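Text of work33.pdb (PDB, C-alpha atoms and all ligand atoms) as supplied:
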```pdb
ATOM      1  CA  MET A 262     140.283 131.366  89.120
ATOM      2  CA  GLU A 263     142.614 133.430  91.290
ATOM      3  CA  LYS A 264     146.191 132.206  91.838
ATOM      4  CA  ARG A 265     147.045 132.765  95.509
ATOM      5  CA  GLU A 266     150.031 131.990  97.735
ATOM      6  CA  LEU A 267     152.757 129.482  96.945
ATOM      7  CA  LEU A 268     152.095 126.254  98.807
ATOM      8  CA  TYR A 269     155.145 124.257  97.752
ATOM      9  CA  GLU A 270     158.016 124.431  95.270
ATOM     10  CA  GLY A 271     159.231 121.152  93.802
ATOM     11  CA  LYS A 272     161.984 120.390  91.296
ATOM     12  CA  ALA A 273     159.752 120.741  88.225
ATOM     13  CA  LYS A 274     156.646 122.595  89.432
ATOM     14  CA  LYS A 275     155.383 125.228  91.843
ATOM     15  CA  LEU A 276     152.060 124.602  93.564
ATOM     16  CA  PHE A 277     149.741 127.521  94.336
ATOM     17  CA  LEU A 278     146.530 127.792  96.333
ATOM     18  CA  THR A 279     143.469 129.309  94.655
ATOM     19  CA  ASP A 280     140.294 130.997  95.898
ATOM     20  CA  ASP A 281     138.657 127.521  95.822
ATOM     21  CA  PRO A 282     139.864 125.299  98.718
ATOM     22  CA  ASP A 283     139.443 122.143  96.603
ATOM     23  CA  LEU A 284     141.523 123.411  93.670
ATOM     24  CA  VAL A 285     145.209 124.264  93.238
ATOM     25  CA  ILE A 286     147.393 125.442  90.355
ATOM     26  CA  SER A 287     150.617 123.773  89.229
ATOM     27  CA  GLU A 288     153.075 126.051  87.431
ATOM     28  CA  PHE A 289     155.363 123.959  85.245
ATOM     29  CA  LYS A 290     158.970 125.171  85.499
ATOM     30  CA  ASP A 291     161.673 125.139  82.812
ATOM     31  CA  SER A 292     164.186 123.593  85.210
ATOM     32  CA  LEU A 293     165.555 120.096  84.578
ATOM     33  CA  THR A 294     167.007 117.925  87.321
ATOM     34  CA  ALA A 295     168.340 114.378  87.404
ATOM     35  CA  PHE A 296     170.031 111.971  89.821
ATOM     36  CA  ASN A 297     167.951 113.201  92.781
ATOM     37  CA  GLY A 298     168.721 116.858  92.031
ATOM     38  CA  GLU A 299     172.501 116.429  91.608
ATOM     39  CA  LYS A 300     172.431 117.428  87.918
ATOM     40  CA  LYS A 301     170.574 120.672  87.222
ATOM     41  CA  SER A 302     169.840 122.803  84.196
ATOM     42  CA  SER A 303     167.055 124.735  82.518
ATOM     43  CA  GLU A 304     165.575 124.729  79.009
ATOM     44  CA  ILE A 305     163.314 127.547  77.856
ATOM     45  CA  GLY A 306     159.903 126.163  76.914
ATOM     46  CA  LYS A 307     160.273 122.810  78.684
ATOM     47  CA  GLY A 308     157.635 123.636  81.319
ATOM     48  CA  ALA A 309     155.045 124.659  78.733
ATOM     49  CA  LEU A 310     155.690 121.484  76.718
ATOM     50  CA  ASN A 311     155.176 119.275  79.785
ATOM     51  CA  ASN A 312     152.001 121.167  80.702
ATOM     52  CA  LYS A 313     150.599 120.632  77.196
ATOM     53  CA  ILE A 314     151.670 116.978  76.983
ATOM     54  CA  SER A 315     150.229 116.222  80.447
ATOM     55  CA  THR A 316     146.989 117.994  79.556
ATOM     56  CA  GLU A 317     146.532 115.852  76.436
ATOM     57  CA  LEU A 318     147.355 112.635  78.303
ATOM     58  CA  PHE A 319     145.117 113.394  81.301
ATOM     59  CA  LYS A 320     142.239 114.113  78.863
ATOM     60  CA  LEU A 321     142.930 110.835  77.046
ATOM     61  CA  LEU A 322     142.970 108.862  80.304
ATOM     62  CA  GLU A 323     139.804 110.581  81.584
ATOM     63  CA  SER A 324     138.059 109.631  78.324
ATOM     64  CA  HIS A 325     138.920 106.001  79.175
ATOM     65  CA  GLY A 326     137.477 106.273  82.695
ATOM     66  CA  ILE A 327     140.692 106.904  84.684
ATOM     67  CA  GLN A 328     140.078 109.477  87.429
ATOM     68  CA  THR A 329     142.772 112.179  87.440
ATOM     69  CA  HIS A 330     143.343 115.473  89.228
ATOM     70  CA  PHE A 331     143.190 117.408  85.930
ATOM     71  CA  VAL A 332     140.641 120.218  85.690
ATOM     72  CA  GLN A 333     141.894 122.651  83.043
ATOM     73  CA  MET A 334     145.009 124.005  81.346
ATOM     74  CA  LEU A 335     144.941 127.718  82.235
ATOM     75  CA  ASP A 336     147.788 128.966  80.036
ATOM     76  CA  ASP A 337     151.167 127.773  78.700
ATOM     77  CA  ASN A 338     152.664 126.989  82.111
ATOM     78  CA  ASN A 339     149.698 126.672  84.479
ATOM     79  CA  MET A 340     147.355 123.760  85.106
ATOM     80  CA  LEU A 341     144.329 123.877  87.409
ATOM     81  CA  HIS A 342     143.733 120.634  89.283
ATOM     82  CA  THR A 343     142.108 119.029  92.290
ATOM     83  CA  LYS A 344     143.860 119.351  95.668
ATOM     84  CA  VAL A 345     144.677 115.925  97.121
ATOM     85  CA  ASP A 346     146.562 114.247  99.926
ATOM     86  CA  VAL A 347     149.581 112.914  98.067
ATOM     87  CA  ILE A 348     150.348 109.203  98.513
ATOM     88  CA  LEU A 349     154.130 109.069  98.998
ATOM     89  CA  ILE A 350     154.608 106.136  96.628
ATOM     90  CA  GLU A 351     156.060 106.474  93.128
ATOM     91  CA  VAL A 352     154.497 103.788  90.961
ATOM     92  CA  ILE A 353     156.945 102.716  88.250
ATOM     93  CA  VAL A 354     155.626 100.834  85.228
ATOM     94  CA  ARG A 355     158.071  99.062  82.894
ATOM     95  CA  ASN A 356     157.565  97.438  79.498
ATOM     96  CA  ILE A 357     161.240  97.316  78.463
ATOM     97  CA  ALA A 358     164.272  96.958  80.742
ATOM     98  CA  THR A 359     166.514  99.996  81.047
ATOM     99  CA  GLY A 360     167.664 102.493  83.681
ATOM    100  CA  SER A 361     167.709 101.313  87.281
ATOM    101  CA  LEU A 362     166.222  97.910  86.380
ATOM    102  CA  THR A 363     169.235  97.009  84.257
ATOM    103  CA  ARG A 364     171.608  98.505  86.842
ATOM    104  CA  ASN A 365     170.018  96.709  89.814
ATOM    105  CA  LEU A 366     169.200  93.306  88.342
ATOM    106  CA  GLY A 367     171.612  92.977  85.423
ATOM    107  CA  ILE A 368     168.845  92.509  82.850
ATOM    108  CA  GLU A 369     170.208  93.508  79.433
ATOM    109  CA  ASP A 370     169.233  97.023  78.354
ATOM    110  CA  GLY A 371     166.399  96.938  75.816
ATOM    111  CA  THR A 372     165.038  93.511  76.851
ATOM    112  CA  VAL A 373     161.279  93.385  76.277
ATOM    113  CA  LEU A 374     159.866  92.196  79.600
ATOM    114  CA  PRO A 375     157.683  89.040  79.505
ATOM    115  CA  PHE A 376     154.961  91.024  81.271
ATOM    116  CA  THR A 377     154.523  94.610  82.434
ATOM    117  CA  LEU A 378     156.398  95.178  85.672
ATOM    118  CA  VAL A 379     154.890  97.489  88.313
ATOM    119  CA  GLU A 380     157.176  98.598  91.150
ATOM    120  CA  PHE A 381     156.824 100.931  94.123
ATOM    121  CA  ASP A 382     159.455 103.485  95.201
ATOM    122  CA  TYR A 383     159.220 105.491  98.434
ATOM    123  CA  LYS A 384     158.798 109.175  97.441
ATOM    124  CA  ASN A 385     161.485 110.489  99.776
ATOM    125  CA  ASP A 386     164.350 112.581  98.373
ATOM    126  CA  ASP A 387     166.377 112.382 101.613
ATOM    127  CA  LEU A 388     166.473 108.592 101.317
ATOM    128  CA  GLY A 389     166.968 108.645  97.514
ATOM    129  CA  ASP A 390     163.523 107.149  96.698
ATOM    130  CA  PRO A 391     164.276 103.534  97.775
ATOM    131  CA  LYS A 392     162.336 100.497  96.496
ATOM    132  CA  LEU A 393     159.345  99.455  98.594
ATOM    133  CA  ASN A 394     157.486  96.209  98.948
ATOM    134  CA  ASP A 395     153.879  96.083 100.151
ATOM    135  CA  GLN A 396     154.833  95.403 103.756
ATOM    136  CA  HIS A 397     157.241  98.381 103.803
ATOM    137  CA  ALA A 398     154.450 100.628 102.479
ATOM    138  CA  LEU A 399     152.023  99.401 105.153
ATOM    139  CA  ILE A 400     154.579  99.633 107.991
ATOM    140  CA  LEU A 401     155.427 103.202 106.920
ATOM    141  CA  GLY A 402     151.695 104.011 106.840
ATOM    142  CA  LEU A 403     151.901 105.305 103.241
ATOM    143  CA  VAL A 404     148.455 103.747 102.679
ATOM    144  CA  GLU A 405     145.947 102.337 105.139
ATOM    145  CA  HIS A 406     145.127  98.954 103.604
ATOM    146  CA  GLN A 407     146.521  96.359 101.220
ATOM    147  CA  ASP A 408     143.564  96.932  98.889
ATOM    148  CA  GLU A 409     144.819 100.490  98.280
ATOM    149  CA  LEU A 410     148.170  99.089  97.085
ATOM    150  CA  ASP A 411     146.245  96.650  94.880
ATOM    151  CA  LYS A 412     144.293  99.601  93.468
ATOM    152  CA  LEU A 413     147.515 101.523  92.671
ATOM    153  CA  ARG A 414     148.815  98.499  90.753
ATOM    154  CA  ARG A 415     145.492  97.992  88.970
ATOM    155  CA  MET A 416     145.269 101.652  87.919
ATOM    156  CA  ALA A 417     148.921 101.661  86.789
ATOM    157  CA  ARG A 418     148.276  98.635  84.533
ATOM    158  CA  GLN A 419     145.084 100.183  83.151
ATOM    159  CA  ILE A 420     146.978 103.394  82.365
ATOM    160  CA  ASN A 421     149.726 101.407  80.613
ATOM    161  CA  ASP A 422     147.086  99.487  78.625
ATOM    162  CA  ILE A 423     145.795 102.849  77.339
ATOM    163  CA  LEU A 424     149.080 104.702  76.845
ATOM    164  CA  HIS A 425     151.279 101.945  75.383
ATOM    165  CA  PRO A 426     149.144 101.302  72.257
ATOM    166  CA  PHE A 427     148.359 105.043  71.945
ATOM    167  CA  PHE A 428     152.062 105.892  71.691
ATOM    168  CA  PHE A 429     152.982 102.850  69.590
ATOM    169  CA  GLU A 430     150.543 103.997  66.943
ATOM    170  CA  LYS A 431     152.399 107.314  66.941
ATOM    171  CA  GLY A 432     155.763 105.644  66.437
ATOM    172  CA  LEU A 433     156.895 105.819  70.064
ATOM    173  CA  ASN A 434     157.685 102.914  72.346
ATOM    174  CA  LEU A 435     156.576 103.651  75.909
ATOM    175  CA  VAL A 436     159.522 102.002  77.662
ATOM    176  CA  ASP A 437     158.719 102.899  81.267
ATOM    177  CA  PHE A 438     157.151 105.669  83.338
ATOM    178  CA  LYS A 439     156.451 106.918  86.849
ATOM    179  CA  LEU A 440     152.984 107.692  88.194
ATOM    180  CA  GLU A 441     151.854 109.420  91.364
ATOM    181  CA  PHE A 442     148.488 109.168  93.083
ATOM    182  CA  GLY A 443     146.589 111.069  95.750
ATOM    183  CA  LYS A 444     143.345 110.936  97.692
ATOM    184  CA  ASP A 445     140.717 113.567  96.895
ATOM    185  CA  SER A 446     138.358 115.060  99.515
ATOM    186  CA  ASN A 447     136.029 112.038  99.076
ATOM    187  CA  GLY A 448     138.867 109.595  99.738
ATOM    188  CA  ASN A 449     139.025 108.446  96.099
ATOM    189  CA  ILE A 450     142.439 107.474  94.798
ATOM    190  CA  ILE A 451     143.136 109.528  91.666
ATOM    191  CA  LEU A 452     146.088 110.015  89.303
ATOM    192  CA  ILE A 453     148.048 113.227  90.013
ATOM    193  CA  ASP A 454     151.313 115.002  89.108
ATOM    194  CA  GLU A 455     152.193 114.981  85.397
ATOM    195  CA  ILE A 456     152.735 112.541  82.567
ATOM    196  CA  SER A 457     155.509 113.911  80.391
ATOM    197  CA  PRO A 458     158.946 113.082  78.961
ATOM    198  CA  ASP A 459     160.305 114.117  82.392
ATOM    199  CA  ASN A 460     158.820 110.970  83.934
ATOM    200  CA  CYS A 461     158.335 108.640  80.960
ATOM    201  CA  ARG A 462     160.864 107.048  78.646
ATOM    202  CA  PHE A 463     159.945 107.112  74.948
ATOM    203  CA  TRP A 464     162.049 105.405  72.265
ATOM    204  CA  ASP A 465     161.342 106.071  68.596
ATOM    205  CA  VAL A 466     160.000 102.795  67.201
ATOM    206  CA  LYS A 467     162.056 102.989  63.977
ATOM    207  CA  SER A 468     165.336 104.602  65.024
ATOM    208  CA  GLY A 469     165.421 103.732  68.738
ATOM    209  CA  GLU A 470     166.220 107.392  69.437
ATOM    210  CA  LYS A 471     165.529 108.533  73.013
ATOM    211  CA  MET A 472     162.819 111.207  73.167
ATOM    212  CA  ASP A 473     162.709 111.944  76.901
ATOM    213  CA  LYS A 474     164.683 113.153  79.919
ATOM    214  CA  ASP A 475     167.399 110.557  79.280
ATOM    215  CA  ARG A 476     168.633 113.110  76.681
ATOM    216  CA  PHE A 477     169.390 115.381  79.656
ATOM    217  CA  ARG A 478     170.522 112.617  82.039
ATOM    218  CA  GLN A 479     172.967 111.277  79.425
ATOM    219  CA  GLY A 480     174.017 114.697  78.018
ATOM    220  CA  LEU A 481     172.706 113.893  74.529
ATOM    221  CA  GLY A 482     171.351 117.432  73.894
ATOM    222  CA  GLY A 483     168.193 118.286  71.954
ATOM    223  CA  VAL A 484     165.956 117.992  75.022
ATOM    224  CA  THR A 485     163.183 120.419  74.106
ATOM    225  CA  VAL A 486     163.308 119.401  70.436
ATOM    226  CA  ALA A 487     162.528 115.843  71.529
ATOM    227  CA  TYR A 488     159.771 116.952  73.951
ATOM    228  CA  GLU A 489     158.221 119.046  71.162
ATOM    229  CA  GLN A 490     158.243 116.019  68.864
ATOM    230  CA  VAL A 491     156.465 113.993  71.548
ATOM    231  CA  LEU A 492     153.776 116.708  71.797
ATOM    232  CA  ASN A 493     153.424 116.919  67.997
ATOM    233  CA  ARG A 494     153.038 113.162  67.701
ATOM    234  CA  ILE A 495     150.386 113.153  70.463
ATOM    235  CA  LEU A 496     148.541 115.898  68.559
ATOM    236  CA  GLY A 497     148.945 113.932  65.303
ATOM    237  CA  LYS A 498     150.995 116.702  63.657
TER     238      LYS A 498
HETATM  239  O1  LIG B 501     165.515 105.440  86.886
HETATM  240  P1  LIG B 501     164.500 104.361  86.644
HETATM  241  O2  LIG B 501     164.907 103.397  85.561
HETATM  242  O3  LIG B 501     164.073 103.659  87.909
HETATM  243  O4  LIG B 501     163.191 105.135  86.113
HETATM  244  C1  LIG B 501     162.051 104.433  85.665
HETATM  245  C2  LIG B 501     161.058 105.444  85.089
HETATM  246  O5  LIG B 501     160.510 106.236  86.126
HETATM  247  C3  LIG B 501     161.666 106.427  84.086
HETATM  248  O6  LIG B 501     160.709 106.703  83.078
HETATM  249  C4  LIG B 501     161.927 107.666  84.909
HETATM  250  O7  LIG B 501     161.835 108.830  84.113
HETATM  251  C5  LIG B 501     160.803 107.610  85.932
HETATM  252  N1  LIG B 501     161.179 108.157  87.239
HETATM  253  C6  LIG B 501     160.740 109.421  87.613
HETATM  254  N2  LIG B 501     161.067 109.940  88.830
HETATM  255  C7  LIG B 501     161.808 109.241  89.699
HETATM  256  C8  LIG B 501     162.263 107.947  89.351
HETATM  257  C9  LIG B 501     161.940 107.434  88.104
HETATM  258  O8  LIG B 501     160.034 110.078  86.853
HETATM  259  N3  LIG B 501     162.089 109.769  90.894
END
```
What does this structure look like when you write it as structure tokens?
Amino acid sequence: MEKRELLYEGKAKKLFLTDDPDLVISEFKDSLTAFNGEKKSSEIGKGALNNKISTELFKLLESHGIQTHFVQMLDDNNMLHTKVDVILIEVIVRNIATGSLTRNLGIEDGTVLPFTLVEFDYKNDDLGDPKLNDQHALILGLVEHQDELDKLRRMARQINDILHPFFFEKGLNLVDFKLEFGKDSNGNIILIDEISPDNCRFWDVKSGEKMDKDRFRQGLGGVTVAYEQVLNRILGK
């Protein structure tokens, strides 16, 4: 597979065309950003860890019947995947209250939610990714029909039902995470982007220690050490 011209550079990945019009390559970068790009840094090895973690999790989800864009991990930093039309909705799944949920609604940090909460944010950096309800999403034309929003919610819950017990067994509490979806050339809605400690929160079941990007957001240090532990636990090491 030949890596061709750069299509787009995001905060955590570069996207390249390939010699196949249906396939693209994501190059996972070492850069770390938080607070809509206001806090920036870089950690050697972070990109490779996220590529490996995402690869394992996409394979796990595929084995449970979730359609994803994943095709193949090419090397440490590069993943080959299906080209899609990105749906500009960030689907946030929460099992435990923390982060913006505690800030916005005053729910005490660490409260186990009575049921899994699925929220939509508008994927729009200029507007700071505001919350969306279904009518906002339809008025903005982010999807065509209500049943597509229902499908995003259904897939997000299915993914949580697979990932939450998977991580719990490995001593990690999957607190919350962000998913992105796109439409492939057949119009199917599939899971895209990455699933990594950059867009999930993991708390160690025993110690409560944070094992995700909150270490960077909150200046706790030990970012890549934590990401490496997440990978090792996924691999059962
Ligand atoms: O900040 P907030 O509490 O809303 O984040 C919820 C979850 O979604 C966290 O796991 C966070 O890492 C993820 N997220 C993300 N990208 C965003 C917003 C949130 O990965 N733009």
Expected selection as a PDB file with C-alpha atoms, in the frame of the given file for ligand LIG 501 (chain B) within 9 Å, all atoms listed in the file:
```pdb
ATOM      1  CA  ALA A 295     168.340 114.378  87.404  1.00  0.00           C
ATOM      2  CA  PHE A 296     170.031 111.971  89.821  1.00  0.00           C
ATOM      3  CA  ASN A 297     167.951 113.201  92.781  1.00  0.00           C
ATOM      4  CA  GLU A 351     156.060 106.474  93.128  1.00  0.00           C
ATOM      5  CA  VAL A 352     154.497 103.788  90.961  1.00  0.00           C
ATOM      6  CA  ILE A 353     156.945 102.716  88.250  1.00  0.00           C
ATOM      7  CA  VAL A 354     155.626 100.834  85.228  1.00  0.00           C
ATOM      8  CA  ARG A 355     158.071  99.062  82.894  1.00  0.00           C
ATOM      9  CA  ALA A 358     164.272  96.958  80.742  1.00  0.00           C
ATOM     10  CA  THR A 359     166.514  99.996  81.047  1.00  0.00           C
ATOM     11  CA  GLY A 360     167.664 102.493  83.681  1.00  0.00           C
ATOM     12  CA  SER A 361     167.709 101.313  87.281  1.00  0.00           C
ATOM     13  CA  LEU A 362     166.222  97.910  86.380  1.00  0.00           C
ATOM     14  CA  THR A 363     169.235  97.009  84.257  1.00  0.00           C
ATOM     15  CA  ARG A 364     171.608  98.505  86.842  1.00  0.00           C
ATOM     16  CA  ASP A 382     159.455 103.485  95.201  1.00  0.00           C
ATOM     17  CA  LYS A 384     158.798 109.175  97.441  1.00  0.00           C
ATOM     18  CA  ASN A 385     161.485 110.489  99.776  1.00  0.00           C
ATOM     19  CA  ASP A 386     164.350 112.581  98.373  1.00  0.00           C
ATOM     20  CA  GLY A 389     166.968 108.645  97.514  1.00  0.00           C
ATOM     21  CA  ASP A 390     163.523 107.149  96.698  1.00  0.00           C
ATOM     22  CA  LEU A 435     156.576 103.651  75.909  1.00  0.00           C
ATOM     23  CA  VAL A 436     159.522 102.002  77.662  1.00  0.00           C
ATOM     24  CA  ASP A 437     158.719 102.899  81.267  1.00  0.00           C
ATOM     25  CA  PHE A 438     157.151 105.669  83.338  1.00  0.00           C
ATOM     26  CA  LYS A 439     156.451 106.918  86.849  1.00  0.00           C
ATOM     27  CA  LEU A 440     152.984 107.692  88.194  1.00  0.00           C
ATOM     28  CA  ILE A 456     152.735 112.541  82.567  1.00  0.00           C
ATOM     29  CA  SER A 457     155.509 113.911  80.391  1.00  0.00           C
ATOM     30  CA  PRO A 458     158.946 113.082  78.961  1.00  0.00           C
ATOM     31  CA  ASP A 459     160.305 114.117  82.392  1.00  0.00           C
ATOM     32  CA  ASN A 460     158.820 110.970  83.934  1.00  0.00           C
ATOM     33  CA  CYS A 461     158.335 108.640  80.960  1.00  0.00           C
ATOM     34  CA  ARG A 462     160.864 107.048  78.646  1.00  0.00           C
ATOM     35  CA  PHE A 463     159.945 107.112  74.948  1.00  0.00           C
ATOM     36  CA  ASP A 473     162.709 111.944  76.901  1.00  0.00           C
ATOM     37  CA  LYS A 474     164.683 113.153  79.919  1.00  0.00           C
ATOM     38  CA  ASP A 475     167.399 110.557  79.280  1.00  0.00           C
TER      39      ASP A 475
END
```
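Distances from A:Gly308, A:Pro426, A:Gly298, A:Gly326 to Glu489 (chain A) were compared using all atoms listed in the file, and the smallest one belongs to A:Gly308.
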Interatomic distance between CA of Lys300 (chain A) and CA of Asp337 (chain A)?
25.4 Å
Best match for closeness to Arg415 (chain A) among A:Leu378, A:Leu341, A:Lys444, A:Met262, counting all atoms listed in the file
A:Leu378
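Closest to Ser302 (chain A) among A:His425, A:Arg478, A:Lys274, A:His325 is A:Arg478, based on only C-alpha atoms.
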Just checking: using all atoms listed in the file, which residue out of A:Thr294, A:Ser303, A:Asn356, A:Gln490 ends up closest to Arg418 (chain A)?
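Among A:Thr294, A:Ser303, A:Asn356, A:Gln490, it is A:Asn356 that comes nearest to Arg418 (chain A).
These residues, each with an atom at most 8 Å from (164.8, 123.7, 90.1) using all atoms listed in the file, are Gly271, Lys272, Ala273, Lys290, Ser292, Leu293, Thr294, Lys301, Ser302 and Ser303 of chain A.
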Would you please work out which residue, of A:Ile423, A:Leu452, A:Val484, A:Leu278, is nearest to Asp291 (chain A) when using all atoms listed in the file?
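Among the listed residues, A:Val484 lies closest to Asp291 (chain A).
From CA of Leu433 (chain A) back to CA of Thr485 (chain A), the distance works out to 16.4 Å.
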Selected residue, from A:Leu267, A:Asn449, A:Leu410, A:Ile368, that lies nearest to Glu380 (chain A) when counting all atoms listed in the file
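Among A:Leu267, A:Asn449, A:Leu410, A:Ile368, it is A:Leu410 that comes nearest to Glu380 (chain A).
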So that I can check the surroundings of Ser468 (chain A), please list as number ranges by chain every protein, DNA and RNA residue that reaches within 10 Å of it, counting all atoms listed in the file and ignoring chain neighbours fewer than 3 positions away.
A: 432-433, 464-465, 471
Provide region 482-490 of chain A rebuilt to all heavy atoms, formatted as a PDB file, in the frame of the given file.
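Wrote it out as rebuild.pdb, contents follow:
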```pdb
ATOM      1  N   GLY A 482     171.814 116.188  74.533  1.00  0.00           N
ATOM      2  CA  GLY A 482     171.351 117.432  73.894  1.00  0.00           C
ATOM      3  C   GLY A 482     169.975 117.254  73.264  1.00  0.00           C
ATOM      4  O   GLY A 482     169.391 116.166  73.301  1.00  0.00           O
ATOM      5  N   GLY A 483     169.475 118.350  72.678  1.00  0.00           N
ATOM      6  CA  GLY A 483     168.193 118.286  71.954  1.00  0.00           C
ATOM      7  C   GLY A 483     167.013 117.913  72.834  1.00  0.00           C
ATOM      8  O   GLY A 483     166.081 117.239  72.378  1.00  0.00           O
ATOM      9  N   VAL A 484     167.019 118.383  74.084  1.00  0.00           N
ATOM     10  CA  VAL A 484     165.956 117.992  75.022  1.00  0.00           C
ATOM     11  C   VAL A 484     164.598 118.545  74.584  1.00  0.00           C
ATOM     12  O   VAL A 484     163.652 117.773  74.360  1.00  0.00           O
ATOM     13  CB  VAL A 484     166.288 118.472  76.469  1.00  0.00           C
ATOM     14  CG1 VAL A 484     165.157 118.138  77.424  1.00  0.00           C
ATOM     15  CG2 VAL A 484     167.590 117.837  76.953  1.00  0.00           C
ATOM     16  N   THR A 485     164.514 119.865  74.424  1.00  0.00           N
ATOM     17  CA  THR A 485     163.183 120.419  74.106  1.00  0.00           C
ATOM     18  C   THR A 485     162.734 120.042  72.695  1.00  0.00           C
ATOM     19  O   THR A 485     161.534 119.904  72.455  1.00  0.00           O
ATOM     20  CB  THR A 485     163.134 121.963  74.278  1.00  0.00           C
ATOM     21  OG1 THR A 485     164.278 122.513  73.670  1.00  0.00           O
ATOM     22  CG2 THR A 485     163.065 122.359  75.716  1.00  0.00           C
ATOM     23  N   VAL A 486     163.685 119.841  71.799  1.00  0.00           N
ATOM     24  CA  VAL A 486     163.308 119.401  70.436  1.00  0.00           C
ATOM     25  C   VAL A 486     162.595 118.049  70.533  1.00  0.00           C
ATOM     26  O   VAL A 486     161.548 117.830  69.910  1.00  0.00           O
ATOM     27  CB  VAL A 486     164.572 119.290  69.534  1.00  0.00           C
ATOM     28  CG1 VAL A 486     164.219 118.689  68.183  1.00  0.00           C
ATOM     29  CG2 VAL A 486     165.213 120.649  69.361  1.00  0.00           C
ATOM     30  N   ALA A 487     163.134 117.171  71.362  1.00  0.00           N
ATOM     31  CA  ALA A 487     162.528 115.843  71.529  1.00  0.00           C
ATOM     32  C   ALA A 487     161.155 115.960  72.203  1.00  0.00           C
ATOM     33  O   ALA A 487     160.192 115.311  71.776  1.00  0.00           O
ATOM     34  CB  ALA A 487     163.454 114.951  72.350  1.00  0.00           C
ATOM     35  N   TYR A 488     161.048 116.794  73.247  1.00  0.00           N
ATOM     36  CA  TYR A 488     159.771 116.952  73.951  1.00  0.00           C
ATOM     37  C   TYR A 488     158.708 117.511  72.988  1.00  0.00           C
ATOM     38  O   TYR A 488     157.546 117.123  73.036  1.00  0.00           O
ATOM     39  CB  TYR A 488     159.919 117.889  75.155  1.00  0.00           C
ATOM     40  CG  TYR A 488     160.587 117.318  76.385  1.00  0.00           C
ATOM     41  CD1 TYR A 488     161.622 116.391  76.295  1.00  0.00           C
ATOM     42  CD2 TYR A 488     160.203 117.729  77.656  1.00  0.00           C
ATOM     43  CE1 TYR A 488     162.242 115.887  77.437  1.00  0.00           C
ATOM     44  CE2 TYR A 488     160.815 117.223  78.800  1.00  0.00           C
ATOM     45  CZ  TYR A 488     161.837 116.306  78.682  1.00  0.00           C
ATOM     46  OH  TYR A 488     162.445 115.808  79.813  1.00  0.00           O
ATOM     47  N   GLU A 489     159.152 118.447  72.122  1.00  0.00           N
ATOM     48  CA  GLU A 489     158.221 119.046  71.162  1.00  0.00           C
ATOM     49  C   GLU A 489     157.740 117.993  70.156  1.00  0.00           C
ATOM     50  O   GLU A 489     156.569 117.971  69.780  1.00  0.00           O
ATOM     51  CB  GLU A 489     158.927 120.184  70.422  1.00  0.00           C
ATOM     52  CG  GLU A 489     157.957 121.141  69.795  1.00  0.00           C
ATOM     53  CD  GLU A 489     158.584 122.500  69.536  1.00  0.00           C
ATOM     54  OE1 GLU A 489     159.802 122.673  69.762  1.00  0.00           O
ATOM     55  OE2 GLU A 489     157.842 123.385  69.115  1.00  0.00           O
ATOM     56  N   GLN A 490     158.646 117.103  69.783  1.00  0.00           N
ATOM     57  CA  GLN A 490     158.243 116.019  68.864  1.00  0.00           C
ATOM     58  C   GLN A 490     157.234 115.095  69.528  1.00  0.00           C
ATOM     59  O   GLN A 490     156.305 114.623  68.874  1.00  0.00           O
ATOM     60  CB  GLN A 490     159.465 115.218  68.451  1.00  0.00           C
ATOM     61  CG  GLN A 490     160.208 115.850  67.297  1.00  0.00           C
ATOM     62  CD  GLN A 490     161.112 114.827  66.609  1.00  0.00           C
ATOM     63  OE1 GLN A 490     160.767 113.653  66.483  1.00  0.00           O
ATOM     64  NE2 GLN A 490     162.269 115.278  66.166  1.00  0.00           N
TER      65      GLN A 490
END
```
